[in-house]
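Asker: Following this message is one structure expressed as structure tokens.
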Amino acid sequence: MARQPGVSAASGPAIVWYRRDLRVNDHAPLRAAAKAHGFVLPVFVLDDEGPGGWKAGAASQWWLHHSLERLAEGLRARGADLLLRRGPRASTILTLAREVDAAEVHTGIMPEPWEKADDAEVAAGLAAEGRRLVQHRTSLLHDPDAVRTQAGKPFTVFTPFARAFAKATHVPEPVLAPRRLKGAKLSTPDRLDAWRLLPAVPWDAAFSRRWEPGEAGAKRRAQAFMNDGLAGYATGRNDIPSDGSSSMSPHLHWGEISPVQLWHAVAQAPQPHGAGAEAYRRELVWREFTAHVLWHHPETPDAPLRAEFKKFERRHDPGQLRAWQKGKTGVPIVDAGMRQLWSIGWMHNRVRMITASFLVKHLLLPWEEGEAWFWDTLVDADLANNAVNWQWVAGCGADAAPFFRIFNPVLQGQKFDPEGTYVRHWVPELAKLESRYIHEPWSAPVKALEAAGVKLGETYPRPQVDLSEGRARALAALRAITRKAA
DNA sequence: TGAAATGTTGGGGCG
DNA sequence: ACGCCCCAACATTTC
């Protein structure tokens, strides 16, 4: 067989460098590696330092542990062992390629800045030795740079992005998992347990009940959602107590299922054409949009995209921040959401917006503090989604909600959790309060509080801030920067 | 993927 | 019958 230009005479296995794409189906790198050589070495590298300072939080680590276990099983069932290595990722991959004399390293394209940096370093390092890095789409529908504005610039507004995206791109078919792999044997694998990704104190019981990390769990949940949730998704996703969410976010983040698979699963669903299907695919495109924004603006996690917001007033109040984190703000829907997050590593999307708006606007605390907390506690913590959406709420990002769009947590609660079912579940000290007061216990008559066994300031906190005062303060802070800008 | 303030309209009570 | 006022309901504007 004629040798391809640029391909060395290396005789080792093709390396499959796993990142946030922990699956065997619709995994182009695995497929390509298996096809070209039949002899593969799948590897996952854990970087202790926490790339870019964004070290995975405890909830993410919990998920990663289980997901890696499932991936290892999936690969073993096909004849290959997953190699675990720990260290700086680029140099670890380069060392490994030399160690096994691999001609090619196949991997997925990720939008995170450090992933891009690693790609460049690995590509250069491999090329210097006559090896090759081959990148594939694994975690997105398309490359983060698949579309540009007519002026050739990255999009900053979702709607035109979505329009261009729909017109310019065709979602590819998923690729099948290789049936049979020939795995490479190495004498020095890390043991997953030694990575200590699981909590030292077992706080994860509720996690285990709620989630099933891994490719099989992702598939099961996706099927359940397509059958039962998709048709009503357009409105159901906003209904807090019944939770019409797909709950795919952590599975998508870790790549246990691909957005391509979900895109096509919509077409196979019982109701593939209704408003629910439209709305769901739109959410998948939102995910593409956040990746697009992060790809082109790697500073997004740390700095407001709209420069005038650098001068925006931010209060510093560790006590209030702590109360927000722990769900003790005295505003029921906010507390319910924050406690749900702490308990199961996830929060309903509507409630994410409410809690985030409360932090950034009513409390006037920095959005970065909220971003950092979500990053630490969410099982679906995703740099692009987290950063772009926090900036969206804070009004300082690409296509951001105007800052003056301030959620009133009482009205939001009454609208999307009218009976207070969600609040009662997560804030049990209010469980017996009448529905008409459940979202604003501070304005309940003494009798109603007594009947419910609520003592404000004792069994449940008074609100940290008067809602209308908080709103006025936030708007004043906004005026201060818009005047300067004008 | 807001909320509150302000403006407009129209029905009905009432002198 | 008429004008006036009130106010709910809805629309528009402003933050």
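A note on labels: chains of the structure tokens are A, B, ... as shown, every chain counts residues from 1, and ligands are counted from 1 in their shown order.
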Between chain B and chain A, at 9 Å or less, what are the per-residue closest atom pairs and their distances in Å? Count only C-alpha atoms (C1' of nucleotides), order by chain and rising residue number, and return it as JSON lines.
Answerer:
{"residue": "B:DT1", "atom": "C1'", "partner": "A:Arg350", "partner_atom": "CA", "distance": 8.4}
{"residue": "B:DG2", "atom": "C1'", "partner": "A:Arg405", "partner_atom": "CA", "distance": 5.1}
{"residue": "B:DA3", "atom": "C1'", "partner": "A:Ile406", "partner_atom": "CA", "distance": 7.0}
Asker: With C-alpha atoms (C1' of nucleotides) retained, could you export that selection as a PDB file, in the first residue's frame?
Answerer:
ATOM      1  C1'  DT B   1     -36.460  33.790  28.112  1.00  0.00           C
ATOM      2  C1'  DG B   2     -39.758  41.102  32.507  1.00  0.00           C
ATOM      3  C1'  DA B   3     -41.750  44.363  35.541  1.00  0.00           C
TER       4       DA B   3
END
Asker: Write out as a list in words each polymer residue whose atoms come within 12 Å of segment 2-15 of chain C, counting only C-alpha atoms (C1' of nucleotides); drop sequence neighbours fewer than 6 positions from it.
Answerer: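 Listed by chain and then number, they are Pro402, Phe403, Phe404, Arg405, Ile406, Arg471, Ala472, Arg473, Ala474, Leu475, Ala476, Ala477, Leu478 and Arg479 of chain A; DG2, DA3, DA4, DA5, DT6, DG7, DT8, DT9, DG10, DG11, DG12, DG13, DC14 and DG15 of chain B.
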Asker: Between atom CA of Val201 of chain A and atom CA of Glu429 of chain A, what is the distance, to one decimal in Å?
Answerer: 25.9 Å
